[in-house]
Amino acid sequence: MANEQHNNSKESELPLDEVVGIDTILHSPPRLAIMMLLLPRLKATFTLIQKTLKFTSGNLTAHLSKLEENKMVEIQKGFVDAQPTTIIYLTKFGREKLREYAKILVNILEKMLEEN
């Protein structure tokens, strides 16, 4: 019984509320991969993202739409060398949200590892 109480007090110190409150837009592995691909270059073509991450066109479009709705990327359609091209830009807000997401994960993991 004492051991059970000890475990309960440790559980109350866990950052579980931070886990529950994590940004679900970025927490999706495909969307996180898109954001991580964009981070060092700030922009990429639809084709580059699709080939690099091996997404179907429809799947990539759906994830990009979600990121665009949340102001994390900007999508511009145009022409490059007379070819229709879609360019995806990482927004300043998107970079900030990605940094915030990373800090939260690091904080959660550090707290969890301290306990064990």
# chains A, B, ... in the order shown; residues from 1 in each chain; ligands from 1
$ residues_around --residues "Glu100 in chain A" --least-positions-apart "4" --cutoff "12 Å" --atoms "only C-alpha atoms" --output "list in words"
Ile22, Asp23, Leu26, His27, Phe93, Gly94, Arg95, Glu96, Ile104, Leu105, Val106 and Asn107 of chain A
$ residues_around --residues "Leu98 in chain A" --least-positions-apart "4" --cutoff "9 Å" --atoms "only C-alpha atoms" --output "list of chain:residue names"
A:Leu26, A:Leu32, A:Met35, A:Met36, A:Leu39, A:Met72, A:Phe93, A:Gly94, A:Ala102, A:Lys103
$ select_by_dssp --residues "chain A" --states "strand (DSSP E)" --output "PDB file with N, CA and C atoms, in the first residue's frame"
ATOM      1  N   LYS A  43      11.787  26.810 -47.800  1.00  0.00           N
ATOM      2  CA  LYS A  43      10.819  26.582 -48.869  1.00  0.00           C
ATOM      3  C   LYS A  43      11.224  25.327 -49.639  1.00  0.00           C
ATOM      4  N   ALA A  44      10.243  24.726 -50.274  1.00  0.00           N
ATOM      5  CA  ALA A  44      10.498  23.542 -51.102  1.00  0.00           C
ATOM      6  C   ALA A  44       9.344  23.380 -52.071  1.00  0.00           C
ATOM      7  N   THR A  45       9.619  22.732 -53.179  1.00  0.00           N
ATOM      8  CA  THR A  45       8.540  22.467 -54.123  1.00  0.00           C
ATOM      9  C   THR A  45       7.720  21.280 -53.628  1.00  0.00           C
ATOM     10  N   VAL A  73       2.413  27.051 -42.933  1.00  0.00           N
ATOM     11  CA  VAL A  73       3.043  27.131 -44.242  1.00  0.00           C
ATOM     12  C   VAL A  73       2.213  28.033 -45.139  1.00  0.00           C
ATOM     13  N   GLU A  74       2.864  28.527 -46.176  1.00  0.00           N
ATOM     14  CA  GLU A  74       2.175  29.286 -47.209  1.00  0.00           C
ATOM     15  C   GLU A  74       2.413  28.549 -48.519  1.00  0.00           C
ATOM     16  N   ILE A  75       1.368  28.390 -49.299  1.00  0.00           N
ATOM     17  CA  ILE A  75       1.463  27.654 -50.554  1.00  0.00           C
ATOM     18  C   ILE A  75       1.249  28.626 -51.708  1.00  0.00           C
ATOM     19  N   GLN A  76       2.216  28.651 -52.628  1.00  0.00           N
ATOM     20  CA  GLN A  76       2.114  29.516 -53.805  1.00  0.00           C
ATOM     21  C   GLN A  76       2.253  28.672 -55.058  1.00  0.00           C
ATOM     22  N   LYS A  77       1.324  28.892 -55.970  1.00  0.00           N
ATOM     23  CA  LYS A  77       1.366  28.198 -57.265  1.00  0.00           C
ATOM     24  C   LYS A  77       1.829  29.185 -58.322  1.00  0.00           C
ATOM     25  N   GLY A  78       2.696  28.702 -59.184  1.00  0.00           N
ATOM     26  CA  GLY A  78       3.209  29.566 -60.232  1.00  0.00           C
ATOM     27  C   GLY A  78       3.907  28.735 -61.289  1.00  0.00           C
ATOM     28  N   PHE A  79       4.804  29.388 -62.014  1.00  0.00           N
ATOM     29  CA  PHE A  79       5.529  28.709 -63.077  1.00  0.00           C
ATOM     30  C   PHE A  79       7.027  28.895 -62.878  1.00  0.00           C
ATOM     31  N   VAL A  80       7.769  27.824 -63.083  1.00  0.00           N
ATOM     32  CA  VAL A  80       9.222  27.860 -63.084  1.00  0.00           C
ATOM     33  C   VAL A  80       9.655  27.198 -64.387  1.00  0.00           C
ATOM     34  N   GLN A  83       6.962  25.648 -66.403  1.00  0.00           N
ATOM     35  CA  GLN A  83       6.298  24.469 -65.829  1.00  0.00           C
ATOM     36  C   GLN A  83       5.492  24.896 -64.601  1.00  0.00           C
ATOM     37  N   PRO A  84       4.256  24.415 -64.471  1.00  0.00           N
ATOM     38  CA  PRO A  84       3.497  24.734 -63.258  1.00  0.00           C
ATOM     39  C   PRO A  84       4.199  24.136 -62.036  1.00  0.00           C
ATOM     40  N   THR A  85       4.364  24.968 -61.030  1.00  0.00           N
ATOM     41  CA  THR A  85       5.097  24.554 -59.832  1.00  0.00           C
ATOM     42  C   THR A  85       4.396  25.077 -58.585  1.00  0.00           C
ATOM     43  N   THR A  86       4.321  24.226 -57.587  1.00  0.00           N
ATOM     44  CA  THR A  86       3.781  24.633 -56.288  1.00  0.00           C
ATOM     45  C   THR A  86       4.948  24.717 -55.312  1.00  0.00           C
ATOM     46  N   ILE A  87       5.087  25.879 -54.684  1.00  0.00           N
ATOM     47  CA  ILE A  87       6.165  26.093 -53.722  1.00  0.00           C
ATOM     48  C   ILE A  87       5.551  26.278 -52.348  1.00  0.00           C
ATOM     49  N   ILE A  88       6.093  25.552 -51.385  1.00  0.00           N
ATOM     50  CA  ILE A  88       5.616  25.609 -50.006  1.00  0.00           C
ATOM     51  C   ILE A  88       6.660  26.354 -49.186  1.00  0.00           C
ATOM     52  N   TYR A  89       6.225  27.391 -48.501  1.00  0.00           N
ATOM     53  CA  TYR A  89       7.096  28.204 -47.658  1.00  0.00           C
ATOM     54  C   TYR A  89       6.767  27.953 -46.191  1.00  0.00           C
ATOM     55  N   LEU A  90       7.788  27.809 -45.385  1.00  0.00           N
ATOM     56  CA  LEU A  90       7.607  27.748 -43.943  1.00  0.00           C
ATOM     57  C   LEU A  90       7.415  29.177 -43.450  1.00  0.00           C
TER      58      LEU A  90
END
$ closest_residue --among "A:His63, A:Val20, A:Lys71, A:Leu109" --to "Lys92 in chain A" --atoms "only C-alpha atoms"
A:Lys71
$ atom_distance --atom1 "CA of Thr52 in chain A" --atom2 "CA of Pro40 in chain A"
14.4 Å
$ atom_distance --atom1 "CA of Arg31 in chain A" --atom2 "CA of Met112 in chain A"
25.2 Å
$ closest_residue --among "A:Ile108, A:Leu53, A:Ala82, A:Ala33" --to "Val19 in chain A" --atoms "only C-alpha atoms"
A:Ile108
$ select_by_dssp --residues "range 12-62 of chain A" --states "alpha helix (DSSP H)" --output "PyMOL selection string"
chain A and resi 12-13+16-20+24-27+29-38+46-53+57-62
$ write_last_selection --atoms "C-alpha atoms" --output "tab-separated table (two decimals), in the first residue's frame"
chain	number	residue	atom	x	y	z
A	12	SER	CA	1.04	13.63	-9.84
A	13	GLU	CA	4.42	15.24	-10.60
A	16	LEU	CA	0.93	14.77	-18.23
A	17	ASP	CA	-1.02	18.01	-18.72
A	18	GLU	CA	1.73	19.18	-21.06
A	19	VAL	CA	1.41	15.97	-23.08
A	20	VAL	CA	-2.37	16.32	-23.33
A	24	THR	CA	-1.83	18.04	-32.46
A	25	ILE	CA	-1.19	19.72	-35.81
A	26	LEU	CA	2.57	19.30	-35.43
A	27	HIS	CA	2.36	16.07	-33.46
A	29	PRO	CA	4.29	12.40	-37.93
A	30	PRO	CA	3.65	13.30	-41.59
A	31	ARG	CA	3.12	17.00	-40.81
A	32	LEU	CA	6.10	17.07	-38.47
A	33	ALA	CA	8.23	15.53	-41.24
A	34	ILE	CA	7.07	18.23	-43.68
A	35	MET	CA	7.93	20.96	-41.19
A	36	MET	CA	11.33	19.42	-40.44
A	37	LEU	CA	12.08	19.19	-44.16
A	38	LEU	CA	11.20	22.86	-44.61
A	46	PHE	CA	5.60	20.13	-53.77
A	47	THR	CA	7.48	17.60	-55.88
A	48	LEU	CA	10.59	17.71	-53.67
A	49	ILE	CA	8.53	17.16	-50.52
A	50	GLN	CA	6.52	14.39	-52.16
A	51	LYS	CA	9.61	12.53	-53.43
A	52	THR	CA	11.63	13.00	-50.25
A	53	LEU	CA	8.87	11.85	-47.90
A	57	SER	CA	-0.07	13.51	-54.04
A	58	GLY	CA	-3.42	13.36	-52.25
A	59	ASN	CA	-1.87	12.59	-48.86
A	60	LEU	CA	0.64	15.43	-49.16
A	61	THR	CA	-2.08	17.84	-50.31
A	62	ALA	CA	-4.22	16.95	-47.27
$ atom_distance --atom1 "CA of Arg41 in chain A" --atom2 "CA of Tyr101 in chain A"
19.0 Å
